[in-house]
Every structure is written in C-alpha cells, then in structure tokens.
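Following: one structure in structure tokens, then a few remarks.
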Amino acid sequence: MNDLLTILGPTACGKTTFATHLAYDLDGEIISADSRQVYRGMDIGTGKDLADYHVKGKDIPYHLIDIAEAGTRYNVYEWQRDFLNAYEDITKREKTPILCGGTGMYIESVIKGYEFDGRTFPAFNSLIIGLEISRDLRRERISQRLRARLDEGMVDEIRGLIDRGVSTERLIRYGLEYKFVTLYLLGKLQYDEMVSLLEIAIHQFAKRQMTWFRGMEERRGIKIHWLSIELPMEERIEKVKELWQKQIA
C-alpha cells in the first residue's frame with residue numbers, strides 16, 4: 001500500500017500552517033488539494049499564503065500550486081494524474097508526502113481511487129486528519145480573512161487578471177472571490193454589496209465542505225481522525241506523529 005498523510009478541513013481552519021509544521025517534523029513535502037491554487041496569478045483570492053511554507057528557517061517544498069494558467073480549465077482527472085507524479089517524486093526521495101487541502105472531491109479521488117476513461121488509480125493507505133473548528137470561530141476567521149485579503153489587494157489582483165486577458169466569464173466560474181469581485185469590477189455590484197454577498201458565500205462554502213467530509217465518513221466509510229484547532233499546535237503535531245508511526249510500522 002502507498003502510505004499517505006492527509007490534512008483536511010473547512011476553509012479558514014489553518015490547514016496549511018498545520019501541514020507545514022508537520023512537514024518540518026516529518027521531513028515531508030506538501031501536495032496541495034485545492035482546486036483553485038493550481039492557477040498562476042490567483043494568489044490572494046485562493047489564499048495560497050506561501051509564507052506559511054517557511055517554518056523555523058526551513059522552506060517546505062510544495063506541489064500542485066501554480067501549475068496551470070489562469071483562465072484555463074483544470075479538472076479532477078488532471079489533478080489525479082499530477083498528484084500521482086508528485087507522490088512518486090516525493091517518495092522516491094524518501095520524503096513524507098502530506099496531502100493538504102479542502103477540495104473534497106480531489107482528496108476523495110485519491111482515497112477512493114476514482115477511475116477515469118478506464119485508467120486504474122493505485123490504492124492509497126491514507127491517515128486522514130481533519131481539523132475541527134467551531135462554527136462561531138470559523139465564521140469569525142472567515143470574516144477576518146476576507147477583510148485582510150481585500151486590504152492586501154485582492155480586487156487589484158483580479159483586475160490585473162482581466163487586464164491580462166483572462167475572461168470574466170471564466171473568473172466568474174471559478175466562484176467565490178473571483179465571481180463576486182469580477183461582478184463588482186463589471187459594475188454589476190456595489191462594493192459593499194460585493195463584500196456582503198461574498199462573505200455569505202464563503203460561509204456557505206465552508207458548510208458544504210463539512211457536509212462533504214461528513215459524507216466521506218458516514219456514507220463512504222472513510223475514517224477521519226478529527227483534532228480540535230483549540231488544542232495547542234505541538235499537542236496536535238505529537239498526536240499525528242504518533243498515529244503516523246503506527247500507520248507506517
């Protein structure tokens with residue numbers, strides 16, 4: 001079996017920070033499971049937070065971020081293919097592969113081995129860690145993060161994509177930040193209306209993520225070990241390291 005450590009959870013729960021600190025301790029590398037972080041130039045809106053990949057003076061390698069042009073189509077079939085290439089590269093160098101993200105379909109395509117056009121995908125023996133966050137704290141973090149991203153220049157980022165020729169139709173299809181900011185830039189929403197509608201949409205998205213993860217457990221038989229983000233970082237890391245050592249023993 002191909003061993004894999006997976007970190008999942010809803011948006012704004014701190015997945016990347018946790019995964020990179022785990023990678024530091026486990027000599028690991030991150031494989032992103034985010035359907036929009038694959039696109040170059042879509043940085044603030046997708047929350048790439050690349051500074052999080054620098055831990056205690058060490059750069060944590062990452063994969064499947066910035067691998068496609070903004071405005072193009074990229075789907076789960078392509079991601080599955082690219083995941084396998086990244087996984088083989090990481091394990092060949094005897095590093096620990098850590099899958100991290102919130103796109104449930106991408107994660108499940110690996111865990112369950114989705115098949116496309118008759119292609120057989122190898123089985124993965126994955127230890128899945130879910131980061132649990134209370135509804136109230138999740139909502140608070142989402143609201144704070146949205147305002148921070150707006151302050152960081154998210155509107156200018158999306159305006160720049162349009163200026164470079166990325167179609168507004170495609171940006172709208174990318175959803176959430178790209179949908180509502182594009183509608184604002186097209187004059188179809190006022191600024192305050194855009195912020196309000198976007199905030200509601202992100203809250204709804206986080207709820208859908210949790211629905212997917214619960215479905216993985218309750219209907220599709222995938223075991224997820226949930227850890228509260230209120231536990232100290234080091235305590236969570238030690239717990240996962242203990243589970244991981246049992247996994248690979």
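The chains in the structure tokens are called A, B, ... from first to last as shown; in each chain the residues are counted from 1, and the ligands are counted from 1 in the order shown.
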At a cut-off of 8 Å, can you tabulate as a tab-separated table every residue of region 189-226 of chain A near region 157-178 of chain A together with its closest atom pair and the distance in Å to one decimal, using only C-alpha atoms and ordering rows by chain then number?
residue	atom	partner	partner_atom	distance
A:Leu198	CA	A:Leu176	CA	6.3
A:Ala201	CA	A:Leu176	CA	6.5
A:Ile202	CA	A:Leu176	CA	6.6
Can I get the selected residues back with N, CA and C atoms, as a tab-separated table (two decimals), in the first residue's frame?
chain	number	residue	atom	x	y	z
A	198	LEU	N	-20.18	38.10	-0.84
A	198	LEU	CA	-19.03	37.20	-0.84
A	198	LEU	C	-18.85	36.55	0.52
A	201	ALA	N	-21.32	33.85	0.87
A	201	ALA	CA	-20.98	32.72	0.00
A	201	ALA	C	-19.85	31.87	0.58
A	202	ILE	N	-18.88	32.51	1.21
A	202	ILE	CA	-17.76	31.75	1.80
A	202	ILE	C	-18.25	30.95	3.00
Go through region 30-62 of chain A and flag each residue having an atom no more than 8 Å from region 104-123 of chain A; for those, report the closest pair of atoms plus their distance in Å to one decimal, using only C-alpha atoms, ordered by chain and rising number, as a Markdown table.
| residue | atom | partner | partner_atom | distance |
| --- | --- | --- | --- | --- |
| A:Ala33 | CA | A:Tyr106 | CA | 6.1 |
| A:Asp34 | CA | A:Tyr106 | CA | 7.7 |
| A:Ser35 | CA | A:Tyr106 | CA | 7.6 |
*Can you list, as a ChimeraX atom specification, every protein, DNA or RNA residue that comes within 12 Å of Asp49 (chain A) when you count only C-alpha atoms, leaving out same-chain residues fewer than 2 positions away?*
/A:12,14-17,20,37,42-47,51-54,62,65,145,149,152
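Interatomic distance, CA of Ile224 (chain A) against CA of Lys246 (chain A): 15.3 Å.
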*Where in region 97-245 of chain A does DSSP assign alpha helix (DSSP H), given as number ranges by chain?*
A: 104-111, 135-152, 154-163, 168-174, 176-185, 191-218, 233-245
